[in-house]
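To start, the structure under review is shown below, and the notes come after it.
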Amino acid sequence: MDFNTIKTTAKEKFSGACRLCPVCNGVVCAGEVPGMGGLGTGAAFRHNVQALADCRLNLRTVHSVKNPDLSCRILGMELSLPIIAAAIGGIGLNMKGAMPEEEYTGAIVSGCRQAGTVGMTGDGPNRVVFDAGMDAIVKEQGRGIPIVKPRETNKVIELARQAADAGCPAFGMDIDAAALVNMTNAGQPVGPKTIQELEHIKNNTTIPFIVKGIMTPDDAEACWQAGVDAIVISNHGGRALDHTPGTAEVLPYIAEAVKGKMTVLVDGGIRSGADVLKMLALGADAVLLGRPLAIGAIGGGAAGVAFILNKFKAELSAAMTLTGTPQVSEVPVEILW
């Protein structure tokens, strides 16, 4: 298996839902929701990519770092690299039926396990989305993290308990889907959560609780006050609210507020191992990878997902060597220009 074969196969199966542009920056697919693009003008998607592009790495080669350590411990999980697959649900809707939901989630969860990390699975108005993810996780002995929509609090608790029973190491809620119209239209209302509601969810679950979709220090502080175990700095891939800043822009401020108090994850515009290193230098403990792994899954199944992750792993190792960074658990901001 090689990268060109994965891309060629994926492009054919996507049927235009993703053009596999030479630079995946949200320009061509702006406004294509459903689809792979960003909402409205697509500015939030573009800002994610541009914010990372604006970060520059200091090249250093006079040092003793020859074999950097990419392993890390996230929420009790030992990972071979600081990359987790982001949850992308509703493949039929967003990707023009490029792959059945069950096959897609299976590829993500299995491919991540093959590469020594873990994949997240999604949720949606059709129950098959959540169930397909849970089935894939069960097949991999609980090695996956289900992410649910910000449903009514008791429903979130019910699904979190289902995740715990399946042996999942954690569960999460993508609170940035708080205005998702298709959920409400399907009779499954979603919305923002108060600190008290987050605290109630945390107090009624037995596994670590992740809140995805945090973009300000005060929201991060609120999650910490509620006892949340981890946050994901995310603007939903630019698909929730137009004109937000890029995640790399807000990450340092949020990390300054809560780093060390809780696990800080981030997604948005990450296209290489060097981008991963930039996010770690800006304050993240690990990153979530979405669109690149969707291409891997559609183009090559579980093996395609593992291939993309190992490609990022090699790029990250090279970037660490060329910046004198010995381990991913301690990436100094000084590696950035």
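Chain labels A, B, ... are given in the sequence in which chains occur in the structure tokens; within each chain residues are numbered consecutively from 1, and ligands are likewise numbered from 1 in the order shown.
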
Note to self: List the spatial neighbours of segment 77-84 of chain A as number ranges by chain - criterion: any atom at most 8 Å away, only C-alpha atoms, same-chain residues fewer than 2 positions off excluded.
What the structure shows: A: 70-75, 86, 112, 115-120, 169, 276, 285-289, 309, 313, 328

DSSP-assigned strand (DSSP E) members of segment 112-292 of chain A, reported as a PDB file with N, CA and C atoms, in the first residue's frame:
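The result, stored in states_26.pdb:
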```pdb
ATOM      1  N   GLY A 119      -8.994   5.437  18.394  1.00  0.00           N
ATOM      2  CA  GLY A 119      -9.872   6.224  17.540  1.00  0.00           C
ATOM      3  C   GLY A 119     -11.149   6.612  18.254  1.00  0.00           C
ATOM      4  N   MET A 120     -11.672   7.769  17.893  1.00  0.00           N
ATOM      5  CA  MET A 120     -12.964   8.213  18.404  1.00  0.00           C
ATOM      6  C   MET A 120     -14.047   7.876  17.387  1.00  0.00           C
ATOM      7  N   THR A 121     -15.252   7.616  17.867  1.00  0.00           N
ATOM      8  CA  THR A 121     -16.392   7.342  16.992  1.00  0.00           C
ATOM      9  C   THR A 121     -17.484   8.353  17.263  1.00  0.00           C
ATOM     10  N   GLY A 144     -11.501   2.244  22.005  1.00  0.00           N
ATOM     11  CA  GLY A 144     -12.084   3.342  21.252  1.00  0.00           C
ATOM     12  C   GLY A 144     -12.811   4.281  22.198  1.00  0.00           C
ATOM     13  N   ILE A 145     -13.061   5.496  21.719  1.00  0.00           N
ATOM     14  CA  ILE A 145     -13.709   6.524  22.546  1.00  0.00           C
ATOM     15  C   ILE A 145     -14.930   7.066  21.812  1.00  0.00           C
ATOM     16  N   PRO A 146     -16.139   6.748  22.275  1.00  0.00           N
ATOM     17  CA  PRO A 146     -17.329   7.300  21.626  1.00  0.00           C
ATOM     18  C   PRO A 146     -17.536   8.766  22.011  1.00  0.00           C
ATOM     19  N   ILE A 147     -17.885   9.574  21.023  1.00  0.00           N
ATOM     20  CA  ILE A 147     -18.177  10.992  21.235  1.00  0.00           C
ATOM     21  C   ILE A 147     -19.644  11.220  20.898  1.00  0.00           C
ATOM     22  N   VAL A 148     -20.416  11.724  21.871  1.00  0.00           N
ATOM     23  CA  VAL A 148     -21.851  11.911  21.672  1.00  0.00           C
ATOM     24  C   VAL A 148     -22.177  13.390  21.502  1.00  0.00           C
ATOM     25  N   PHE A 171     -15.073   8.632  27.385  1.00  0.00           N
ATOM     26  CA  PHE A 171     -16.133   9.025  26.449  1.00  0.00           C
ATOM     27  C   PHE A 171     -16.120  10.534  26.373  1.00  0.00           C
ATOM     28  N   GLY A 172     -16.768  11.059  25.329  1.00  0.00           N
ATOM     29  CA  GLY A 172     -16.770  12.504  25.183  1.00  0.00           C
ATOM     30  C   GLY A 172     -18.063  13.053  24.629  1.00  0.00           C
ATOM     31  N   MET A 173     -18.146  14.372  24.639  1.00  0.00           N
ATOM     32  CA  MET A 173     -19.317  15.074  24.104  1.00  0.00           C
ATOM     33  C   MET A 173     -18.812  16.241  23.262  1.00  0.00           C
ATOM     34  N   ASP A 174     -19.251  16.305  21.992  1.00  0.00           N
ATOM     35  CA  ASP A 174     -18.827  17.440  21.165  1.00  0.00           C
ATOM     36  C   ASP A 174     -19.835  18.574  21.325  1.00  0.00           C
ATOM     37  N   PHE A 209     -14.175  11.871  31.260  1.00  0.00           N
ATOM     38  CA  PHE A 209     -15.149  12.648  30.483  1.00  0.00           C
ATOM     39  C   PHE A 209     -14.414  13.731  29.704  1.00  0.00           C
ATOM     40  N   ILE A 210     -14.578  13.712  28.387  1.00  0.00           N
ATOM     41  CA  ILE A 210     -13.943  14.677  27.485  1.00  0.00           C
ATOM     42  C   ILE A 210     -15.006  15.623  26.928  1.00  0.00           C
ATOM     43  N   VAL A 211     -14.734  16.905  26.946  1.00  0.00           N
ATOM     44  CA  VAL A 211     -15.624  17.884  26.310  1.00  0.00           C
ATOM     45  C   VAL A 211     -14.895  18.481  25.116  1.00  0.00           C
ATOM     46  N   LYS A 212     -15.445  18.256  23.927  1.00  0.00           N
ATOM     47  CA  LYS A 212     -14.832  18.719  22.686  1.00  0.00           C
ATOM     48  C   LYS A 212     -15.575  19.947  22.160  1.00  0.00           C
ATOM     49  N   GLY A 213     -14.816  20.944  21.712  1.00  0.00           N
ATOM     50  CA  GLY A 213     -15.435  22.130  21.157  1.00  0.00           C
ATOM     51  C   GLY A 213     -15.197  23.371  21.997  1.00  0.00           C
ATOM     52  N   ILE A 214     -14.064  23.409  22.693  1.00  0.00           N
ATOM     53  CA  ILE A 214     -13.717  24.539  23.551  1.00  0.00           C
ATOM     54  C   ILE A 214     -12.804  25.485  22.777  1.00  0.00           C
ATOM     55  N   ALA A 230     -10.828  16.111  30.371  1.00  0.00           N
ATOM     56  CA  ALA A 230     -10.073  16.587  29.211  1.00  0.00           C
ATOM     57  C   ALA A 230     -10.953  17.460  28.343  1.00  0.00           C
ATOM     58  N   ILE A 231     -10.330  18.389  27.651  1.00  0.00           N
ATOM     59  CA  ILE A 231     -11.029  19.201  26.664  1.00  0.00           C
ATOM     60  C   ILE A 231     -10.354  19.017  25.316  1.00  0.00           C
ATOM     61  N   VAL A 232     -11.133  19.233  24.258  1.00  0.00           N
ATOM     62  CA  VAL A 232     -10.575  19.299  22.907  1.00  0.00           C
ATOM     63  C   VAL A 232     -10.821  20.703  22.391  1.00  0.00           C
ATOM     64  N   ILE A 233      -9.746  21.421  22.141  1.00  0.00           N
ATOM     65  CA  ILE A 233      -9.866  22.740  21.529  1.00  0.00           C
ATOM     66  C   ILE A 233     -10.227  22.504  20.066  1.00  0.00           C
ATOM     67  N   THR A 263      -6.307  17.356  30.875  1.00  0.00           N
ATOM     68  CA  THR A 263      -5.682  17.027  29.597  1.00  0.00           C
ATOM     69  C   THR A 263      -6.184  17.985  28.523  1.00  0.00           C
ATOM     70  N   VAL A 264      -5.255  18.509  27.735  1.00  0.00           N
ATOM     71  CA  VAL A 264      -5.588  19.459  26.674  1.00  0.00           C
ATOM     72  C   VAL A 264      -5.306  18.816  25.319  1.00  0.00           C
ATOM     73  N   LEU A 265      -6.371  18.590  24.556  1.00  0.00           N
ATOM     74  CA  LEU A 265      -6.270  18.053  23.206  1.00  0.00           C
ATOM     75  C   LEU A 265      -6.690  19.148  22.218  1.00  0.00           C
ATOM     76  N   VAL A 266      -6.325  18.973  20.953  1.00  0.00           N
ATOM     77  CA  VAL A 266      -6.670  19.987  19.955  1.00  0.00           C
ATOM     78  C   VAL A 266      -6.812  19.322  18.596  1.00  0.00           C
ATOM     79  N   ALA A 286      -1.866  16.228  23.202  1.00  0.00           N
ATOM     80  CA  ALA A 286      -1.982  15.361  22.026  1.00  0.00           C
ATOM     81  C   ALA A 286      -2.963  16.026  21.077  1.00  0.00           C
ATOM     82  N   VAL A 287      -3.059  15.492  19.853  1.00  0.00           N
ATOM     83  CA  VAL A 287      -3.933  16.085  18.845  1.00  0.00           C
ATOM     84  C   VAL A 287      -4.944  15.071  18.348  1.00  0.00           C
ATOM     85  N   LEU A 288      -6.007  15.586  17.740  1.00  0.00           N
ATOM     86  CA  LEU A 288      -6.997  14.767  17.044  1.00  0.00           C
ATOM     87  C   LEU A 288      -6.830  15.004  15.553  1.00  0.00           C
ATOM     88  N   LEU A 289      -6.924  13.939  14.794  1.00  0.00           N
ATOM     89  CA  LEU A 289      -6.755  14.015  13.343  1.00  0.00           C
ATOM     90  C   LEU A 289      -8.041  13.550  12.674  1.00  0.00           C
TER      91      LEU A 289
END
```

With the cut-off set at 7 Å and counting only C-alpha atoms, tabulate each residue of segment 39-112 of chain A with an atom at most that distance from an atom of segment 122-125 of chain A, showing the nearest atom pair and its distance in Å to one decimal, ordered by chain and increasing number, as a Markdown table.
```
| residue | atom | partner | partner_atom | distance |
| --- | --- | --- | --- | --- |
| A:Ala87 | CA | A:Gly122 | CA | 4.9 |
| A:Ile88 | CA | A:Gly122 | CA | 5.6 |
| A:Gly89 | CA | A:Gly122 | CA | 4.5 |
| A:Gly90 | CA | A:Gly124 | CA | 6.7 |
```

Could you give me, as a CSV table (one decimal) with N, CA, C and O atoms, in the first residue's frame, the residues within 10 Å of Ile295 of chain A, counting only C-alpha atoms and dropping anything in the same chain fewer than 2 positions from it?
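Contents of result.csv, freshly written:
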```csv
chain,number,residue,atom,x,y,z
A,6,ILE,N,-3.9,5.1,-2.0
A,6,ILE,CA,-4.9,5.5,-1.1
A,6,ILE,C,-5.7,6.7,-1.6
A,6,ILE,O,-6.9,6.7,-1.6
A,7,LYS,N,-4.9,7.7,-2.0
A,7,LYS,CA,-5.6,9.0,-2.5
A,7,LYS,C,-6.4,8.7,-3.7
A,7,LYS,O,-7.6,9.2,-3.8
A,8,THR,N,-5.9,7.9,-4.7
A,8,THR,CA,-6.7,7.7,-5.9
A,8,THR,C,-8.0,6.9,-5.6
A,8,THR,O,-9.0,7.3,-6.1
A,9,THR,N,-7.9,5.9,-4.8
A,9,THR,CA,-9.1,5.1,-4.4
A,9,THR,C,-10.1,6.0,-3.6
A,9,THR,O,-11.3,6.0,-3.9
A,10,ALA,N,-9.6,6.8,-2.7
A,10,ALA,CA,-10.4,7.7,-1.9
A,10,ALA,C,-11.1,8.7,-2.8
A,10,ALA,O,-12.3,8.9,-2.7
A,11,LYS,N,-10.4,9.3,-3.7
A,11,LYS,CA,-11.0,10.3,-4.6
A,11,LYS,C,-12.2,9.7,-5.4
A,11,LYS,O,-13.2,10.4,-5.6
A,13,LYS,N,-14.1,7.1,-4.6
A,13,LYS,CA,-15.2,6.8,-3.7
A,13,LYS,C,-15.9,8.0,-3.1
A,13,LYS,O,-17.1,8.0,-2.9
A,14,PHE,N,-15.1,9.1,-2.9
A,14,PHE,CA,-15.7,10.3,-2.4
A,14,PHE,C,-16.8,10.9,-3.4
A,14,PHE,O,-17.7,11.6,-3.0
A,18,CYS,N,-15.1,15.1,-1.4
A,18,CYS,CA,-13.7,15.6,-1.1
A,18,CYS,C,-12.9,15.4,-2.4
A,18,CYS,O,-12.9,14.4,-3.0
A,20,LEU,N,-9.7,15.9,-2.7
A,20,LEU,CA,-8.3,15.6,-2.4
A,20,LEU,C,-7.4,16.6,-3.0
A,20,LEU,O,-6.5,16.3,-3.7
A,290,GLY,N,-8.6,14.4,11.8
A,290,GLY,CA,-9.9,14.1,11.2
A,290,GLY,C,-9.8,13.8,9.7
A,290,GLY,O,-9.8,12.6,9.3
A,291,ARG,N,-9.8,14.8,8.9
A,291,ARG,CA,-9.9,14.6,7.4
A,291,ARG,C,-8.8,13.7,6.8
A,291,ARG,O,-9.1,12.9,6.0
A,292,PRO,N,-7.5,13.8,7.3
A,292,PRO,CA,-6.5,12.9,6.7
A,292,PRO,C,-6.8,11.4,7.0
A,292,PRO,O,-6.5,10.6,6.1
A,293,LEU,N,-7.3,11.1,8.1
A,293,LEU,CA,-7.7,9.7,8.5
A,293,LEU,C,-8.9,9.3,7.7
A,293,LEU,O,-9.1,8.1,7.5
A,297,ALA,N,-9.1,5.9,5.6
A,297,ALA,CA,-10.2,4.9,5.8
A,297,ALA,C,-10.9,4.6,4.5
A,297,ALA,O,-11.1,3.5,4.1
A,298,ILE,N,-11.3,5.7,3.8
A,298,ILE,CA,-12.0,5.5,2.5
A,298,ILE,C,-11.1,4.9,1.4
A,298,ILE,O,-11.5,4.1,0.6
A,299,GLY,N,-9.8,5.3,1.4
A,299,GLY,CA,-8.9,4.8,0.4
A,299,GLY,C,-8.2,3.5,0.7
A,299,GLY,O,-7.7,2.9,-0.2
A,300,GLY,N,-8.3,3.1,1.9
A,300,GLY,CA,-7.5,1.8,2.2
A,300,GLY,C,-8.0,1.1,3.5
A,300,GLY,O,-7.3,0.2,3.9
A,301,GLY,N,-9.2,1.4,4.0
A,301,GLY,CA,-9.7,0.7,5.1
A,301,GLY,C,-8.8,0.8,6.4
A,301,GLY,O,-8.1,1.8,6.5
A,304,GLY,N,-5.3,1.5,5.6
A,304,GLY,CA,-5.1,2.9,5.1
A,304,GLY,C,-4.9,3.8,6.3
A,304,GLY,O,-4.1,4.8,6.3
A,305,VAL,N,-5.8,3.6,7.3
A,305,VAL,CA,-5.7,4.4,8.5
A,305,VAL,C,-4.4,4.3,9.2
A,305,VAL,O,-3.7,5.3,9.6
A,308,ILE,N,-1.6,6.1,7.2
A,308,ILE,CA,-1.6,7.6,7.4
A,308,ILE,C,-1.0,7.9,8.8
A,308,ILE,O,-0.1,8.8,8.9
```

Margin query: Report, in Å with one decimal, the straight-line distance from atom CA of Phe45 of chain A to atom CA of Asn126 of chain A.
Written below: 25.7 Å

Tell me, as a compact mmCIF listing (two decimals) with all heavy atoms, in the first residue's frame, which residues lie within 12 Å of segment 57-65 of chain A, counting only C-alpha atoms; anything in the same chain fewer than 6 positions away does not count.
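Output file part.txt follows:
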```txt
# COMPACT_ATOMS: atom_id res chain seq x y z
N ALA A 274 4.86 17.63 11.34
CA ALA A 274 5.36 18.93 11.79
C ALA A 274 4.25 19.75 12.42
O ALA A 274 4.46 20.46 13.41
CB ALA A 274 5.99 19.69 10.62
N ASP A 275 3.04 19.67 11.86
CA ASP A 275 1.89 20.38 12.45
C ASP A 275 1.58 19.83 13.84
O ASP A 275 1.20 20.58 14.74
CB ASP A 275 0.66 20.22 11.55
CG ASP A 275 0.69 21.11 10.31
OD1 ASP A 275 1.49 22.06 10.29
OD2 ASP A 275 -0.09 20.84 9.38
N VAL A 276 1.71 18.52 14.00
CA VAL A 276 1.49 17.92 15.32
C VAL A 276 2.48 18.53 16.32
O VAL A 276 2.10 18.94 17.42
CB VAL A 276 1.67 16.39 15.28
CG1 VAL A 276 1.58 15.79 16.68
CG2 VAL A 276 0.64 15.75 14.36
N LEU A 277 3.75 18.61 15.94
CA LEU A 277 4.77 19.17 16.82
C LEU A 277 4.47 20.62 17.17
O LEU A 277 4.66 21.05 18.32
CB LEU A 277 6.15 19.05 16.17
CG LEU A 277 7.33 19.45 17.05
CD1 LEU A 277 7.41 18.58 18.29
CD2 LEU A 277 8.64 19.38 16.26
N LYS A 278 3.98 21.38 16.21
CA LYS A 278 3.61 22.78 16.49
C LYS A 278 2.53 22.85 17.55
O LYS A 278 2.59 23.67 18.48
CB LYS A 278 3.12 23.45 15.21
CG LYS A 278 4.17 23.67 14.14
CD LYS A 278 3.54 24.25 12.87
CE LYS A 278 4.52 24.37 11.73
NZ LYS A 278 3.88 24.94 10.52
N MET A 279 1.50 22.02 17.44
CA MET A 279 0.42 22.01 18.42
C MET A 279 0.92 21.63 19.81
O MET A 279 0.48 22.21 20.82
CB MET A 279 -0.69 21.06 17.98
CG MET A 279 -1.52 21.53 16.79
SD MET A 279 -2.46 23.03 17.14
CE MET A 279 -3.77 22.88 15.89
N ALA A 281 3.95 22.18 20.93
CA ALA A 281 4.72 23.33 21.40
C ALA A 281 3.82 24.45 21.89
O ALA A 281 4.17 25.20 22.81
CB ALA A 281 5.64 23.84 20.29
N LEU A 282 2.64 24.57 21.29
CA LEU A 282 1.69 25.61 21.67
C LEU A 282 0.90 25.26 22.93
O LEU A 282 0.16 26.09 23.45
CB LEU A 282 0.71 25.87 20.51
CG LEU A 282 1.32 26.55 19.27
CD1 LEU A 282 0.33 26.53 18.11
CD2 LEU A 282 1.75 27.98 19.59
N SER A 317 8.66 12.34 14.02
CA SER A 317 9.98 11.97 14.50
C SER A 317 11.07 12.80 13.84
O SER A 317 12.01 13.28 14.50
CB SER A 317 10.22 10.47 14.24
OG SER A 317 11.49 10.07 14.69
N ALA A 318 10.94 13.01 12.53
CA ALA A 318 11.92 13.82 11.81
C ALA A 318 11.91 15.27 12.30
O ALA A 318 12.96 15.89 12.51
CB ALA A 318 11.64 13.77 10.31
N ALA A 319 10.71 15.82 12.52
CA ALA A 319 10.60 17.20 12.98
C ALA A 319 11.19 17.35 14.38
O ALA A 319 11.82 18.37 14.70
CB ALA A 319 9.14 17.64 12.97
N MET A 320 10.99 16.35 15.23
CA MET A 320 11.57 16.40 16.57
C MET A 320 13.08 16.33 16.52
O MET A 320 13.78 17.07 17.24
CB MET A 320 11.01 15.25 17.42
CG MET A 320 9.53 15.40 17.74
SD MET A 320 8.82 13.96 18.59
CE MET A 320 9.65 14.06 20.19
N THR A 321 13.61 15.48 15.65
CA THR A 321 15.07 15.38 15.49
C THR A 321 15.65 16.70 15.03
O THR A 321 16.70 17.15 15.52
CB THR A 321 15.42 14.27 14.49
OG1 THR A 321 14.92 13.01 14.98
CG2 THR A 321 16.91 14.17 14.27
N LEU A 322 14.97 17.35 14.09
CA LEU A 322 15.50 18.58 13.50
C LEU A 322 15.20 19.84 14.31
O LEU A 322 15.57 20.95 13.90
CB LEU A 322 14.96 18.72 12.07
CG LEU A 322 15.49 17.66 11.10
CD1 LEU A 322 14.76 17.73 9.77
CD2 LEU A 322 17.00 17.81 10.91
N THR A 323 14.52 19.67 15.45
CA THR A 323 14.33 20.80 16.37
C THR A 323 14.95 20.51 17.73
O THR A 323 14.85 21.32 18.65
CB THR A 323 12.83 21.11 16.57
OG1 THR A 323 12.14 19.92 17.01
CG2 THR A 323 12.18 21.63 15.30
N GLY A 324 15.57 19.33 17.85
CA GLY A 324 16.21 18.98 19.11
C GLY A 324 15.22 18.70 20.23
O GLY A 324 15.48 19.02 21.39
N THR A 325 14.09 18.08 19.88
CA THR A 325 13.04 17.79 20.86
C THR A 325 13.10 16.31 21.23
O THR A 325 12.78 15.45 20.41
CB THR A 325 11.65 18.11 20.27
OG1 THR A 325 11.66 19.47 19.79
CG2 THR A 325 10.57 17.95 21.32
N PRO A 326 13.46 15.96 22.45
CA PRO A 326 13.66 14.55 22.80
C PRO A 326 12.39 13.74 23.02
O PRO A 326 12.37 12.55 22.76
CB PRO A 326 14.49 14.62 24.08
CG PRO A 326 14.18 15.95 24.68
CD PRO A 326 13.92 16.86 23.52
N GLN A 327 11.32 14.39 23.51
CA GLN A 327 10.11 13.62 23.80
C GLN A 327 8.86 14.47 23.65
O GLN A 327 8.88 15.67 23.89
CB GLN A 327 10.18 13.03 25.21
CG GLN A 327 10.48 14.03 26.30
CD GLN A 327 10.85 13.37 27.62
OE1 GLN A 327 11.29 12.23 27.65
NE2 GLN A 327 10.67 14.09 28.72
N PRO A 332 9.09 22.19 24.23
CA PRO A 332 9.21 23.60 24.62
C PRO A 332 8.70 24.54 23.53
O PRO A 332 8.88 24.27 22.34
CB PRO A 332 10.72 23.78 24.84
CG PRO A 332 11.34 22.76 23.95
CD PRO A 332 10.40 21.58 23.94
N VAL A 333 8.11 25.62 23.95
CA VAL A 333 7.61 26.60 22.98
C VAL A 333 8.75 27.24 22.21
O VAL A 333 8.57 27.78 21.11
CB VAL A 333 6.77 27.68 23.70
CG1 VAL A 333 7.63 28.58 24.57
CG2 VAL A 333 5.96 28.50 22.71
N GLU A 334 9.98 27.14 22.76
CA GLU A 334 11.14 27.75 22.10
C GLU A 334 11.50 27.10 20.77
O GLU A 334 12.32 27.66 20.04
CB GLU A 334 12.35 27.70 23.05
CG GLU A 334 12.28 28.67 24.21
CD GLU A 334 11.34 28.19 25.32
OE1 GLU A 334 11.00 26.98 25.34
OE2 GLU A 334 10.93 29.03 26.14
N ILE A 335 10.92 25.96 20.45
CA ILE A 335 11.19 25.38 19.12
C ILE A 335 10.47 26.16 18.03
O ILE A 335 10.74 25.96 16.84
CB ILE A 335 10.81 23.89 19.04
CG1 ILE A 335 9.30 23.70 19.09
CG2 ILE A 335 11.52 23.07 20.12
CD1 ILE A 335 8.84 22.30 18.70
N LEU A 336 9.57 27.05 18.42
CA LEU A 336 8.85 27.89 17.45
C LEU A 336 9.58 29.22 17.27
O LEU A 336 10.07 29.81 18.23
CB LEU A 336 7.42 28.15 17.92
CG LEU A 336 6.52 26.93 18.11
CD1 LEU A 336 5.15 27.37 18.60
CD2 LEU A 336 6.39 26.15 16.81
N TRP A 337 9.64 29.67 16.02
CA TRP A 337 10.27 30.96 15.72
C TRP A 337 9.38 32.09 16.21
O TRP A 337 8.18 32.11 15.93
CB TRP A 337 10.49 31.08 14.22
CG TRP A 337 10.94 32.42 13.76
CD1 TRP A 337 10.19 33.35 13.09
CD2 TRP A 337 12.23 33.00 13.94
NE1 TRP A 337 10.93 34.47 12.84
CE2 TRP A 337 12.20 34.28 13.36
CE3 TRP A 337 13.40 32.57 14.56
CZ2 TRP A 337 13.31 35.12 13.37
CZ3 TRP A 337 14.50 33.39 14.56
CH2 TRP A 337 14.47 34.67 13.96
```

Identify, on the basis of only C-alpha atoms, every residue whose closest approach to Gly31 of chain A does not exceed 6 Å; exclude the query and any residue fewer than 6 positions from it along the same chain; express the result as an mmCIF file with C-alpha atoms, in the first residue's frame.
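Saved as around.cif:
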```
data_model
loop_
_atom_site.group_PDB
_atom_site.id
_atom_site.type_symbol
_atom_site.label_atom_id
_atom_site.label_comp_id
_atom_site.auth_asym_id
_atom_site.auth_seq_id
_atom_site.Cartn_x
_atom_site.Cartn_y
_atom_site.Cartn_z
ATOM 1 C CA GLY A 37 -16.092 21.781 3.686
ATOM 2 C CA GLY A 38 -16.406 24.531 6.241
ATOM 3 C CA LEU A 39 -19.684 26.241 7.096
ATOM 4 C CA GLY A 40 -20.729 29.375 5.222
ATOM 5 C CA THR A 41 -17.726 31.183 3.781
ATOM 6 C CA GLY A 42 -15.453 28.372 5.014
#
```

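Considering the residues A:Ala178, A:Cys223, A:Cys29, A:Val138 and counting only C-alpha atoms, Ala257 of chain A has its shortest atom-to-atom contact with A:Cys223.
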
Notebook entry, point to check: At what distance in Å, to one decimal, does atom CA of Thr247 of chain A lie from atom CA of Asn203 of chain A?
Noted result: 28.9 Å

Check: In Å, with one decimal, what is the gap from atom CA of Ala17 of chain A to atom CA of Ala294 of chain A?
Finding: 11.6 Å

Item checked: All residues 8 Å or closer to Gly106 of chain A, only C-alpha atoms, same chain fewer than 3 positions away omitted, as a ChimeraX atom specification -> /A:102-103,109-110,132-133,136-137,302

Kindly export the residues of the current selection with C-alpha atoms, as a CSV table (one decimal), in the first residue's frame.
```csv
chain,number,residue,atom,x,y,z
A,102,GLU,CA,-20.1,0.3,10.0
A,103,GLU,CA,-17.1,-0.2,7.6
A,109,VAL,CA,-10.9,2.0,15.3
A,110,SER,CA,-9.0,-1.0,14.0
A,132,ALA,CA,-21.7,1.4,14.5
A,133,GLY,CA,-19.1,3.1,16.5
A,136,ALA,CA,-16.3,-1.3,16.2
A,137,ILE,CA,-15.1,-0.6,19.7
A,302,ALA,CA,-8.0,-0.1,8.4
```

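Closest approach to Ala43 of chain A among A:Ala306, A:Ala240, A:Ala177, A:Ile254 is made by A:Ala240 (distances from only C-alpha atoms).
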
Next item on the list: Mind listing the helix (DSSP H, G or I) residues of segment 99-195 of chain A, per DSSP on the backbone, as an MDAnalysis selection string?
Entry: chainID A and resid 101:114 127:139 153:165 175:177 181:185 195

Keeping only C-alpha atoms, write the selected residues as an mmCIF file, in the first residue's frame.
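Once written, out10.cif looks like this:
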```cif
data_model
loop_
_atom_site.group_PDB
_atom_site.id
_atom_site.type_symbol
_atom_site.label_atom_id
_atom_site.label_comp_id
_atom_site.auth_asym_id
_atom_site.auth_seq_id
_atom_site.Cartn_x
_atom_site.Cartn_y
_atom_site.Cartn_z
ATOM 1 C CA GLU A 101 -21.004 3.604 8.499
ATOM 2 C CA GLU A 102 -20.059 0.255 10.032
ATOM 3 C CA GLU A 103 -17.147 -0.221 7.638
ATOM 4 C CA TYR A 104 -15.843 3.303 8.187
ATOM 5 C CA THR A 105 -15.888 3.177 11.998
ATOM 6 C CA GLY A 106 -14.368 -0.283 11.906
ATOM 7 C CA ALA A 107 -11.519 0.991 9.732
ATOM 8 C CA ILE A 108 -10.860 3.944 12.056
ATOM 9 C CA VAL A 109 -10.904 1.976 15.314
ATOM 10 C CA SER A 110 -8.963 -1.021 13.989
ATOM 11 C CA GLY A 111 -6.451 1.080 12.062
ATOM 12 C CA CYS A 112 -5.732 3.202 15.118
ATOM 13 C CA ARG A 113 -5.156 0.136 17.248
ATOM 14 C CA GLN A 114 -2.771 -1.273 14.631
ATOM 15 C CA ARG A 127 -28.951 5.653 15.883
ATOM 16 C CA VAL A 128 -26.864 3.591 13.458
ATOM 17 C CA VAL A 129 -24.038 6.140 13.743
ATOM 18 C CA PHE A 130 -23.512 5.642 17.478
ATOM 19 C CA ASP A 131 -24.203 1.907 17.332
ATOM 20 C CA ALA A 132 -21.730 1.358 14.487
ATOM 21 C CA GLY A 133 -19.060 3.057 16.542
ATOM 22 C CA MET A 134 -19.822 0.984 19.618
ATOM 23 C CA ASP A 135 -19.783 -2.230 17.569
ATOM 24 C CA ALA A 136 -16.349 -1.335 16.187
ATOM 25 C CA ILE A 137 -15.074 -0.561 19.676
ATOM 26 C CA VAL A 138 -16.385 -3.829 21.124
ATOM 27 C CA LYS A 139 -14.673 -5.764 18.333
ATOM 28 C CA THR A 153 -28.159 15.433 30.006
ATOM 29 C CA ASN A 154 -29.737 12.145 31.064
ATOM 30 C CA LYS A 155 -29.317 10.769 27.536
ATOM 31 C CA VAL A 156 -25.644 11.706 27.570
ATOM 32 C CA ILE A 157 -25.258 9.826 30.867
ATOM 33 C CA GLU A 158 -27.057 6.803 29.436
ATOM 34 C CA LEU A 159 -24.702 6.625 26.446
ATOM 35 C CA ALA A 160 -21.666 7.246 28.661
ATOM 36 C CA ARG A 161 -22.622 4.275 30.817
ATOM 37 C CA GLN A 162 -22.968 2.160 27.691
ATOM 38 C CA ALA A 163 -19.419 3.178 26.779
ATOM 39 C CA ALA A 164 -18.163 2.243 30.239
ATOM 40 C CA ASP A 165 -19.865 -1.153 30.052
ATOM 41 C CA ILE A 175 -20.439 20.475 22.707
ATOM 42 C CA ASP A 176 -19.633 22.469 19.554
ATOM 43 C CA ALA A 177 -22.578 20.658 17.925
ATOM 44 C CA VAL A 181 -30.319 21.506 13.273
ATOM 45 C CA ASN A 182 -30.609 17.953 11.970
ATOM 46 C CA MET A 183 -30.502 16.593 15.535
ATOM 47 C CA THR A 184 -33.300 18.862 16.734
ATOM 48 C CA ASN A 185 -35.368 18.215 13.602
ATOM 49 C CA ILE A 195 -21.284 24.068 34.510
#
```
